[in-house]
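Peer 1: Structure: upload.txt, compact mmCIF, C-alpha atoms (C1' of nucleotides).
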```
# COMPACT_ATOMS: atom_id res chain seq x y z
CA MET A 15 47.36 6.67 16.37
CA PHE A 16 47.20 9.74 14.16
CA LEU A 17 47.40 9.40 10.41
CA SER A 18 46.28 6.41 8.40
CA GLN A 19 48.83 4.29 6.56
CA THR A 20 47.45 5.72 3.35
CA SER A 21 48.19 9.29 4.44
CA ARG A 22 51.66 8.34 5.60
CA TYR A 23 52.43 6.75 2.23
CA ALA A 24 51.11 9.87 0.54
CA LEU A 25 53.30 12.18 2.60
CA GLN A 26 56.35 10.04 2.05
CA ALA A 27 55.72 9.98 -1.68
CA ALA A 28 55.12 13.73 -1.75
CA ALA A 29 58.39 14.29 0.09
CA PHE A 30 60.11 12.00 -2.40
CA LEU A 31 58.71 14.04 -5.27
CA ALA A 32 59.72 17.24 -3.52
CA GLU A 33 63.33 16.08 -3.64
CA ARG A 34 62.97 15.64 -7.40
CA TRP A 35 61.21 18.91 -8.04
CA ALA A 36 64.19 20.19 -10.02
CA GLU A 37 64.22 17.28 -12.49
CA GLU A 38 62.71 17.82 -15.91
CA ARG A 39 61.08 14.40 -16.09
CA PRO A 40 58.21 13.24 -13.89
CA THR A 41 58.94 10.27 -11.62
CA PRO A 42 57.25 6.89 -12.30
CA VAL A 43 55.33 5.17 -9.49
CA GLY A 44 57.74 2.27 -9.67
CA ASP A 45 60.67 4.46 -8.74
CA ILE A 46 58.83 6.01 -5.83
CA ALA A 47 57.54 2.69 -4.53
CA ALA A 48 60.97 1.13 -4.79
CA GLY A 49 62.66 4.13 -3.22
CA LEU A 50 60.31 4.12 -0.25
CA GLY A 51 59.72 0.40 0.05
CA VAL A 52 55.95 0.68 -0.14
CA PRO A 53 53.44 -1.40 -2.17
CA ARG A 54 53.52 -0.25 -5.75
CA ASN A 55 49.93 -0.73 -6.87
CA TYR A 56 48.53 0.64 -3.69
CA LEU A 57 50.71 3.71 -3.98
CA SER A 58 49.60 4.05 -7.56
CA LYS A 59 46.01 4.37 -6.44
CA ILE A 60 46.91 6.96 -3.83
CA LEU A 61 48.91 9.06 -6.28
CA HIS A 62 46.09 8.87 -8.79
CA GLN A 63 43.77 10.25 -6.15
CA LEU A 64 46.18 13.07 -5.35
CA ALA A 65 46.34 13.85 -9.05
CA ARG A 66 42.54 14.10 -9.17
CA GLU A 67 42.76 16.47 -6.20
CA ARG A 68 45.29 18.64 -8.07
CA VAL A 69 48.13 18.06 -5.65
CA LEU A 70 50.09 16.09 -8.24
CA VAL A 71 50.19 16.06 -12.01
CA SER A 72 50.38 12.77 -13.87
CA GLU A 73 51.71 12.05 -17.34
CA ARG A 74 51.14 8.82 -19.20
CA GLY A 75 53.28 6.90 -21.63
CA PRO A 76 57.04 6.48 -21.73
CA LYS A 77 58.82 9.26 -19.83
CA GLY A 78 55.60 9.63 -17.86
CA GLY A 79 55.11 9.64 -14.11
CA PHE A 80 54.10 12.01 -11.35
CA ARG A 81 55.30 15.44 -10.30
CA LEU A 82 54.16 18.03 -7.80
CA VAL A 83 51.70 20.56 -9.13
CA ALA A 84 53.68 23.39 -7.49
CA ALA A 85 56.98 24.03 -5.74
CA PRO A 86 57.47 22.05 -2.52
CA ASP A 87 57.32 25.17 -0.37
CA GLU A 88 53.90 25.99 -1.78
CA ILE A 89 52.27 22.68 -0.83
CA ALA A 90 51.16 22.28 2.78
CA LEU A 91 50.92 18.87 4.41
CA ALA A 92 47.23 19.60 4.87
CA SER A 93 46.63 19.58 1.12
CA VAL A 94 48.14 16.12 0.87
CA VAL A 95 46.43 14.66 3.93
CA GLY A 96 43.08 16.41 3.59
CA PRO A 97 41.78 14.50 0.57
CA LEU A 98 42.82 11.18 2.10
CA GLU A 99 41.39 11.55 5.60
CA PRO A 100 37.62 11.43 5.35
CA ALA A 101 37.16 13.28 8.64
CA TYR A 102 39.74 15.97 7.97
CA GLY A 103 38.50 19.37 8.96
CA GLU A 104 35.48 18.12 10.82
CA ARG A 105 35.30 19.86 14.13
CA HIS A 106 34.58 17.06 16.50
CA CYS A 107 34.25 16.54 20.10
CA LEU A 108 37.09 14.32 21.20
CA LEU A 109 34.56 11.81 22.48
CA GLY A 110 32.35 11.91 19.43
CA ARG A 111 29.50 12.98 21.65
CA PRO A 112 26.62 14.14 19.52
CA THR A 113 25.60 16.63 22.19
CA CYS A 114 29.01 18.20 22.61
CA SER A 115 29.37 21.13 20.27
CA ASP A 116 30.77 24.62 20.56
CA ASP A 117 27.34 25.69 21.74
CA ASP A 118 27.01 23.12 24.47
CA PRO A 119 30.54 22.10 25.30
CA CYS A 120 31.68 19.56 27.83
CA ALA A 121 34.17 20.92 30.31
CA ALA A 122 37.16 19.62 28.38
CA HIS A 123 35.94 21.01 25.08
CA ASP A 124 37.97 24.22 25.13
CA ARG A 125 41.17 22.51 26.15
CA TRP A 126 40.70 19.99 23.39
CA GLN A 127 39.92 22.65 20.83
CA SER A 128 43.16 24.32 21.67
CA VAL A 129 45.20 21.15 21.17
CA SER A 130 43.20 20.29 18.10
CA SER A 131 43.78 23.63 16.45
CA GLU A 132 47.50 23.35 17.05
CA LEU A 133 47.38 20.16 15.07
CA THR A 134 45.57 21.86 12.26
CA ALA A 135 47.99 24.76 12.34
CA PHE A 136 50.91 22.35 12.09
CA LEU A 137 49.48 20.67 9.01
CA GLU A 138 48.59 23.98 7.39
CA SER A 139 51.88 25.71 8.03
CA THR A 140 54.30 22.87 7.37
CA THR A 141 55.15 22.35 3.71
CA LEU A 142 56.75 19.57 1.73
CA ALA A 143 59.92 21.64 1.63
CA ASP A 144 60.08 21.33 5.41
CA LEU A 145 60.18 17.55 5.09
CA VAL A 146 63.18 17.72 2.84
CA ARG A 147 65.56 20.42 3.99
CA GLY A 148 68.20 19.17 6.38
CA PRO A 149 68.42 20.93 9.76
CA MET B 29 40.99 11.28 12.53
CA PHE B 30 42.29 10.88 16.05
CA LEU B 31 40.79 8.30 18.36
CA SER B 32 39.18 5.03 17.31
CA GLN B 33 35.47 4.48 17.77
CA THR B 34 36.36 2.03 20.52
CA SER B 35 38.30 4.66 22.45
CA ARG B 36 35.53 7.19 22.02
CA TYR B 37 32.96 4.75 23.38
CA ALA B 38 35.30 4.02 26.28
CA LEU B 39 35.71 7.69 27.14
CA GLN B 40 31.99 8.32 26.90
CA ALA B 41 31.27 5.37 29.16
CA ALA B 42 33.95 6.46 31.61
CA ALA B 43 32.45 9.94 31.73
CA PHE B 44 29.03 8.39 32.28
CA LEU B 45 30.40 6.36 35.20
CA ALA B 46 32.13 9.46 36.54
CA GLU B 47 28.74 11.13 36.85
CA ARG B 48 27.58 8.18 38.93
CA TRP B 49 30.64 7.95 41.11
CA ALA B 50 28.60 8.96 44.18
CA GLU B 51 26.07 6.13 43.80
CA GLU B 52 26.43 3.06 46.00
CA ARG B 53 25.54 0.59 43.27
CA PRO B 54 27.62 -0.13 40.19
CA THR B 55 26.01 0.65 36.84
CA PRO B 56 25.03 -2.18 34.47
CA VAL B 57 26.27 -2.14 30.88
CA GLY B 58 22.70 -1.96 29.69
CA ASP B 59 22.13 1.36 31.43
CA ILE B 60 25.32 2.83 30.04
CA ALA B 61 24.68 1.62 26.51
CA ALA B 62 21.12 2.91 26.59
CA GLY B 63 22.18 6.21 28.11
CA LEU B 64 24.81 6.80 25.45
CA GLY B 65 23.09 5.15 22.52
CA VAL B 66 25.97 2.83 21.75
CA PRO B 67 25.95 -0.91 20.95
CA ARG B 68 25.49 -2.87 24.16
CA ASN B 69 27.51 -6.01 23.53
CA TYR B 70 30.34 -4.14 21.96
CA LEU B 71 30.48 -1.78 24.88
CA SER B 72 30.42 -4.78 27.20
CA LYS B 73 33.61 -6.07 25.62
CA ILE B 74 35.29 -2.69 25.95
CA LEU B 75 34.33 -2.30 29.59
CA HIS B 76 35.54 -5.80 30.31
CA GLN B 77 38.89 -4.87 28.86
CA LEU B 78 39.05 -1.72 30.96
CA ALA B 79 38.26 -3.85 34.01
CA ARG B 80 41.17 -6.14 33.16
CA GLU B 81 43.35 -3.04 32.91
CA ARG B 82 42.19 -1.90 36.38
CA VAL B 83 40.51 1.24 35.18
CA LEU B 84 37.06 -0.12 36.11
CA VAL B 85 35.82 -2.65 38.61
CA SER B 86 33.11 -5.10 37.62
CA GLU B 87 30.62 -6.96 39.79
CA ARG B 88 28.49 -9.84 38.61
CA GLY B 89 25.00 -10.91 39.53
CA PRO B 90 21.97 -8.86 40.41
CA LYS B 91 22.97 -5.38 41.57
CA GLY B 92 26.16 -5.88 39.59
CA GLY B 93 27.67 -3.63 36.95
CA PHE B 94 30.72 -1.42 36.48
CA ARG B 95 32.20 1.41 38.48
CA LEU B 96 35.38 3.45 38.31
CA VAL B 97 38.31 2.04 40.23
CA ALA B 98 39.05 5.51 41.69
CA ALA B 99 37.55 8.97 41.92
CA PRO B 100 37.00 10.70 38.56
CA ASP B 101 39.64 13.31 39.25
CA GLU B 102 42.22 10.58 39.76
CA ILE B 103 41.72 8.93 36.38
CA ALA B 104 43.42 10.54 33.39
CA LEU B 105 42.05 10.15 29.90
CA ALA B 106 45.33 8.51 29.02
CA SER B 107 44.62 5.56 31.32
CA VAL B 108 41.34 4.94 29.52
CA VAL B 109 42.68 5.40 26.02
CA GLY B 110 46.09 3.82 26.48
CA PRO B 111 44.97 0.20 26.76
CA LEU B 112 42.69 0.55 23.75
CA GLU B 113 45.04 2.23 21.29
CA PRO B 114 47.69 -0.27 20.25
CA ALA B 115 50.13 2.43 19.21
CA TYR B 116 49.63 4.65 22.26
CA GLY B 117 52.91 5.97 23.55
CA GLU B 118 54.94 4.92 20.54
CA ARG B 119 57.14 7.76 19.46
CA HIS B 120 56.75 7.88 15.75
CA CYS B 121 57.72 9.96 12.92
CA LEU B 122 54.59 11.54 11.51
CA LEU B 123 55.31 9.91 8.18
CA GLY B 124 56.15 6.52 9.60
CA ARG B 125 59.54 6.80 7.97
CA PRO B 126 61.76 4.05 9.30
CA THR B 127 64.79 6.30 8.93
CA CYS B 128 63.34 9.27 10.76
CA SER B 129 64.16 8.99 14.44
CA ASP B 130 65.30 11.42 17.09
CA ASP B 131 68.84 10.58 16.00
CA ASP B 132 68.33 11.28 12.35
CA PRO B 133 65.33 13.58 12.16
CA CYS B 134 63.70 14.99 9.09
CA ALA B 135 63.38 18.76 9.14
CA ALA B 136 59.81 18.69 10.42
CA HIS B 137 60.60 16.22 13.18
CA ASP B 138 61.05 18.74 15.99
CA ARG B 139 57.96 20.70 15.12
CA TRP B 140 55.95 17.50 15.03
CA GLN B 141 57.39 16.31 18.32
CA SER B 142 56.25 19.50 19.91
CA VAL B 143 52.68 19.13 18.68
CA SER B 144 52.73 15.46 19.50
CA SER B 145 53.83 15.99 23.06
CA GLU B 146 51.10 18.55 23.60
CA LEU B 147 48.66 15.85 22.66
CA THR B 148 50.17 13.48 25.15
CA ALA B 149 50.16 16.15 27.83
CA PHE B 150 46.49 16.81 27.19
CA LEU B 151 45.59 13.15 27.66
CA GLU B 152 47.75 12.81 30.75
CA SER B 153 46.56 15.95 32.49
CA THR B 154 42.85 15.85 31.67
CA THR B 155 40.80 13.64 33.98
CA LEU B 156 37.33 12.16 33.84
CA ALA B 157 36.22 14.85 36.25
CA ASP B 158 37.09 17.42 33.59
CA LEU B 159 34.63 15.76 31.22
CA VAL B 160 31.82 16.13 33.71
CA ARG B 161 32.08 19.43 35.53
CA GLY B 162 30.19 22.28 33.94
CA PRO B 163 32.24 25.36 33.00
C1' DG C 30 17.97 -25.40 45.91
C1' DC C 31 16.02 -22.39 42.16
C1' DA C 32 15.01 -18.35 39.48
C1' DT C 33 16.74 -14.05 38.14
C1' DT C 34 20.09 -10.61 36.99
C1' DT C 35 24.13 -9.51 35.66
C1' DA C 36 29.10 -9.90 33.56
C1' DA C 37 32.03 -13.07 30.74
C1' DT C 38 32.72 -15.56 26.78
C1' DC C 39 31.98 -17.59 22.23
C1' DA C 40 30.59 -17.60 17.45
C1' DT C 41 29.71 -15.07 13.62
C1' DA C 42 28.65 -11.17 10.43
C1' DT C 43 29.77 -6.68 8.26
C1' DT C 44 32.60 -3.18 6.72
C1' DG C 45 36.40 -0.47 5.28
C1' DA C 46 41.57 -0.11 5.16
C1' DC C 47 45.15 -2.14 3.03
C1' DA C 48 47.03 -4.79 -0.56
C1' DT C 49 47.86 -7.71 -4.96
C1' DG C 50 47.48 -8.93 -9.83
C1' DA C 51 45.65 -8.34 -14.31
C1' DT C 52 43.95 -5.63 -18.00
C1' DA C 53 42.89 -1.29 -20.63
C1' DA C 54 44.13 3.28 -22.25
C1' DT C 55 47.54 6.57 -23.59
C1' DA C 56 51.79 8.58 -25.21
C1' DG C 57 56.33 8.46 -27.18
C1' DC C 58 59.40 6.52 -30.52
C1' DA C 59 61.38 3.42 -34.14
C1' DT D 29 52.20 1.28 -38.15
C1' DG D 30 53.44 -1.26 -34.23
C1' DC D 31 56.30 -1.72 -29.83
C1' DT D 32 57.01 -0.30 -25.26
C1' DA D 33 56.68 2.32 -20.96
C1' DT D 34 53.72 4.28 -18.33
C1' DT D 35 49.24 5.71 -15.86
C1' DA D 36 44.26 4.34 -15.22
C1' DT D 37 41.05 1.07 -14.01
C1' DC D 38 39.06 -3.32 -12.59
C1' DA D 39 38.65 -7.55 -9.95
C1' DT D 40 39.82 -9.76 -6.08
C1' DG D 41 41.87 -11.00 -1.58
C1' DT D 42 43.16 -10.33 3.43
C1' DC D 43 42.68 -8.59 7.82
C1' DA D 44 41.44 -5.79 11.76
C1' DA D 45 37.78 -2.74 13.64
C1' DT D 46 33.24 -2.73 14.49
C1' DA D 47 29.07 -4.97 15.63
C1' DT D 48 25.30 -8.61 16.71
C1' DG D 49 23.35 -12.68 18.97
C1' DA D 50 23.62 -16.68 21.82
C1' DT D 51 25.49 -19.14 25.54
C1' DT D 52 27.94 -19.74 30.01
C1' DA D 53 29.31 -18.43 34.74
C1' DA D 54 28.65 -16.04 38.93
C1' DA D 55 26.10 -13.63 42.55
C1' DT D 56 21.79 -12.42 44.83
C1' DG D 57 17.26 -13.09 46.83
C1' DC D 58 13.46 -16.10 47.37
```
In structure tokens, write the structure found in this file.

Peer 2:
Amino acid sequence: MFLSQTSRYALQAAAFLAERWAEERPTPVGDIAAGLGVPRNYLSKILHQLARERVLVSERGPKGGFRLVAAPDEIALASVVGPLEPAYGERHCLLGRPTCSDDDPCAAHDRWQSVSSELTAFLESTTLADLVRGP
Amino acid sequence: MFLSQTSRYALQAAAFLAERWAEERPTPVGDIAAGLGVPRNYLSKILHQLARERVLVSERGPKGGFRLVAAPDEIALASVVGPLEPAYGERHCLLGRPTCSDDDPCAAHDRWQSVSSELTAFLESTTLADLVRGP
DNA sequence: GCATTTAATCATATTGACATGATAATAGCA
DNA sequence: TGCTATTATCATGTCAATATGATTAAATGC
């Protein structure tokens, strides 16, 4: 009910790369896909997209692969999910009512905004490092 | 990014019926669809499903239509959305990680649970009456 | 009984998310 | 130079969500 499969794969892969941040070599898609048990070619397309969005860096050829563009604690979940969720950041009415905006709110609008902005805050303030560190 | 189109239609229709709770006659799908500007036959299928789930009551024939099964302030958003969202109520890991459960949580698990349960609380505690009453 | 109004159901189309497989481009290395 | 490992791209397939249109069943009023 919340994130698409695509976004979940992306977050898992990003967390996987976060664990390998220290390595000199980038990690090939094959390793990530095998490590996570997700479809290889599909993941490849997702990672490519994240590379275009400057969340990852890709290198071709032997010894190539993907790495994070910055340290895990500098990459928020929102930067991974944002490019993959078409509606990310759109302020909607929960009901998708065209007439329900901040100007002309339904009675539940404020309560929903408050829940909704907690969600946003979670994605903005949680980083890939938080997905990795043990408790 | 949060509710499906189907659920949004359902909530809009339920709010529409909440406004008509006082009327003696049930409201035909056609009136609801026209009032909301949503596809009639598709809405019909959704309302039928909500009737099977005992959220609405349907009556056939002339003067037929749909009405709420109870007063608007007795119907939580969760009872409308629940039957329409296959994954509603499933406790997941945000990432869909098979290995990330309450027993063996990733580091962000608790923070996510807290956001996630606020969402649930919102849907459980907000009623159709809250979608109607002016501020 | 018959016509009308409505929900219920059936058949089908469209679209985008998810996924697979094959090929092209690039980089390293012998 | 040519071989190989890798990403990048292309073509295609599957399936569920969304949507449309037609038909059937039930209730009402004449």

Peer 1: Pull out every residue of chain A sitting within 7 Å of chain C, counting all atoms listed in the file, and send them as a ChimeraX atom specification.

Peer 2: /A:56,74-76

Peer 1: Output as number ranges by chain the set of chain A residues within 9 Å of chain D, with distances taken over only C-alpha atoms (C1' of nucleotides).

Peer 2: A: 42-43, 58-59, 62, 72-79

Peer 1: Could you list, as an MDAnalysis selection string, every residue of chain A that has an atom within 8 Å of an atom of chain B, counting all atoms listed in the file?

Peer 2: chainID A and resid 15:17 22:23 25:26 99:102 108:111 120:122 125:126 129 132:133 136 140 144:149

Peer 1: What is the CA of Arg82 (chain B) to CA of Leu96 (chain B) distance in Å?

Peer 2: 8.9 Å

Peer 1: Quick one: superpose chain A onto chain B using all C-alpha atoms paired in order, least squares, and give it to me as a CSV table (one decimal) with C-alpha atoms, keeping the file's coordinate frame.

Peer 2:
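Saved file part.csv follows:
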```csv
chain,number,residue,atom,x,y,z
A,15,MET,CA,40.9,11.4,12.5
A,16,PHE,CA,42.2,11.0,16.0
A,17,LEU,CA,40.7,8.4,18.3
A,18,SER,CA,39.1,5.1,17.3
A,19,GLN,CA,35.4,4.6,17.8
A,20,THR,CA,36.3,2.1,20.5
A,21,SER,CA,38.3,4.7,22.4
A,22,ARG,CA,35.5,7.3,22.0
A,23,TYR,CA,32.9,4.8,23.4
A,24,ALA,CA,35.3,4.1,26.3
A,25,LEU,CA,35.7,7.7,27.1
A,26,GLN,CA,32.0,8.4,26.9
A,27,ALA,CA,31.3,5.4,29.2
A,28,ALA,CA,34.0,6.5,31.6
A,29,ALA,CA,32.4,9.9,31.7
A,30,PHE,CA,29.0,8.4,32.3
A,31,LEU,CA,30.4,6.4,35.2
A,32,ALA,CA,32.1,9.5,36.6
A,33,GLU,CA,28.7,11.1,36.9
A,34,ARG,CA,27.6,8.1,39.0
A,35,TRP,CA,30.7,7.9,41.1
A,36,ALA,CA,28.7,8.9,44.2
A,37,GLU,CA,26.1,6.1,43.8
A,38,GLU,CA,26.5,3.0,46.0
A,39,ARG,CA,25.6,0.5,43.3
A,40,PRO,CA,27.7,-0.2,40.2
A,41,THR,CA,26.1,0.6,36.9
A,42,PRO,CA,25.1,-2.2,34.5
A,43,VAL,CA,26.3,-2.1,30.9
A,44,GLY,CA,22.7,-1.9,29.7
A,45,ASP,CA,22.2,1.3,31.5
A,46,ILE,CA,25.3,2.8,30.1
A,47,ALA,CA,24.7,1.6,26.5
A,48,ALA,CA,21.1,2.9,26.6
A,49,GLY,CA,22.2,6.2,28.2
A,50,LEU,CA,24.8,6.8,25.5
A,51,GLY,CA,23.1,5.2,22.6
A,52,VAL,CA,26.0,2.9,21.8
A,53,PRO,CA,25.9,-0.9,21.0
A,54,ARG,CA,25.5,-2.8,24.1
A,55,ASN,CA,27.5,-6.0,23.5
A,56,TYR,CA,30.3,-4.1,21.9
A,57,LEU,CA,30.5,-1.7,24.9
A,58,SER,CA,30.4,-4.7,27.2
A,59,LYS,CA,33.6,-6.0,25.6
A,60,ILE,CA,35.3,-2.6,25.9
A,61,LEU,CA,34.4,-2.3,29.6
A,62,HIS,CA,35.6,-5.8,30.3
A,63,GLN,CA,38.9,-4.8,28.8
A,64,LEU,CA,39.1,-1.7,30.9
A,65,ALA,CA,38.3,-3.8,33.9
A,66,ARG,CA,41.2,-6.1,33.1
A,67,GLU,CA,43.4,-3.0,32.8
A,68,ARG,CA,42.3,-1.9,36.3
A,69,VAL,CA,40.5,1.3,35.1
A,70,LEU,CA,37.1,-0.1,36.1
A,71,VAL,CA,35.9,-2.6,38.6
A,72,SER,CA,33.2,-5.1,37.6
A,73,GLU,CA,30.7,-7.0,39.8
A,74,ARG,CA,28.7,-9.9,38.6
A,75,GLY,CA,25.2,-11.0,39.5
A,76,PRO,CA,22.1,-9.0,40.4
A,77,LYS,CA,23.1,-5.5,41.6
A,78,GLY,CA,26.3,-5.9,39.6
A,79,GLY,CA,27.8,-3.6,37.0
A,80,PHE,CA,30.8,-1.4,36.5
A,81,ARG,CA,32.3,1.4,38.5
A,82,LEU,CA,35.4,3.5,38.3
A,83,VAL,CA,38.4,2.1,40.2
A,84,ALA,CA,39.1,5.5,41.7
A,85,ALA,CA,37.6,9.0,41.9
A,86,PRO,CA,37.0,10.7,38.6
A,87,ASP,CA,39.7,13.3,39.2
A,88,GLU,CA,42.2,10.6,39.7
A,89,ILE,CA,41.7,8.9,36.3
A,90,ALA,CA,43.4,10.6,33.4
A,91,LEU,CA,42.0,10.2,29.9
A,92,ALA,CA,45.3,8.6,29.0
A,93,SER,CA,44.6,5.6,31.3
A,94,VAL,CA,41.3,5.0,29.5
A,95,VAL,CA,42.6,5.5,25.9
A,96,GLY,CA,46.1,3.9,26.4
A,97,PRO,CA,45.0,0.3,26.7
A,98,LEU,CA,42.7,0.6,23.7
A,99,GLU,CA,45.0,2.3,21.2
A,100,PRO,CA,47.6,-0.2,20.2
A,101,ALA,CA,50.1,2.5,19.2
A,102,TYR,CA,49.6,4.7,22.2
A,103,GLY,CA,52.9,6.0,23.5
A,104,GLU,CA,54.9,4.9,20.6
A,105,ARG,CA,57.1,7.8,19.5
A,106,HIS,CA,56.6,7.8,15.8
A,107,CYS,CA,57.7,9.9,13.0
A,108,LEU,CA,54.6,11.5,11.5
A,109,LEU,CA,55.3,9.8,8.2
A,110,GLY,CA,56.1,6.4,9.7
A,111,ARG,CA,59.5,6.7,8.1
A,112,PRO,CA,61.7,3.9,9.5
A,113,THR,CA,64.7,6.1,9.1
A,114,CYS,CA,63.3,9.1,10.9
A,115,SER,CA,64.1,8.9,14.6
A,116,ASP,CA,65.2,11.3,17.2
A,117,ASP,CA,68.8,10.5,16.2
A,118,ASP,CA,68.3,11.1,12.5
A,119,PRO,CA,65.3,13.4,12.3
A,120,CYS,CA,63.7,14.9,9.2
A,121,ALA,CA,63.4,18.6,9.2
A,122,ALA,CA,59.9,18.6,10.5
A,123,HIS,CA,60.6,16.1,13.3
A,124,ASP,CA,61.1,18.7,16.0
A,125,ARG,CA,58.0,20.6,15.1
A,126,TRP,CA,56.0,17.5,15.1
A,127,GLN,CA,57.4,16.3,18.4
A,128,SER,CA,56.3,19.5,19.9
A,129,VAL,CA,52.7,19.1,18.7
A,130,SER,CA,52.7,15.5,19.5
A,131,SER,CA,53.8,16.0,23.1
A,132,GLU,CA,51.1,18.6,23.6
A,133,LEU,CA,48.6,15.9,22.7
A,134,THR,CA,50.1,13.5,25.2
A,135,ALA,CA,50.1,16.2,27.8
A,136,PHE,CA,46.4,16.9,27.2
A,137,LEU,CA,45.6,13.2,27.6
A,138,GLU,CA,47.7,12.9,30.7
A,139,SER,CA,46.5,16.0,32.5
A,140,THR,CA,42.8,15.9,31.6
A,141,THR,CA,40.8,13.7,34.0
A,142,LEU,CA,37.3,12.2,33.8
A,143,ALA,CA,36.2,14.9,36.2
A,144,ASP,CA,37.0,17.4,33.6
A,145,LEU,CA,34.6,15.8,31.2
A,146,VAL,CA,31.8,16.1,33.7
A,147,ARG,CA,32.0,19.4,35.5
A,148,GLY,CA,30.0,22.2,33.8
A,149,PRO,CA,32.0,25.3,32.9
```

Peer 1: Could you state the separation of CA of Leu84 (chain B) and CA of Ala42 (chain B) in Å, given to one decimal place?

Peer 2: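 CA of Ala42 (chain B) lies at a distance of 8.6 Å from CA of Leu84 (chain B).
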
Peer 1: Kindly give the distance, in Å, that separates CA of Ser93 (chain A) and CA of Glu37 (chain A), rounded to a single decimal.

Peer 2: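 Going from CA of Ser93 (chain A) over to CA of Glu37 (chain A), I get 22.4 Å.
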
Peer 1: If the box runs along x, y and z of the file and leaves 3 Å on each side of region 107-122 of chain B, what are its centre and edge lengths in Å, one decimal, as JSON?

Peer 2:
```
{"center_x": 49.5, "center_y": 5.6, "center_z": 21.4, "size_x": 22.4, "size_y": 17.8, "size_z": 25.8}
```

Peer 1: When you look at Trp35 (chain A) with a cut-off of 10 Å (counting all atoms listed in the file), what residues show up, excluding the ones that are within fewer than 3 positions of it in the same chain? I need them as number ranges by chain.

Peer 2: A: 29-32, 38-41, 81-86
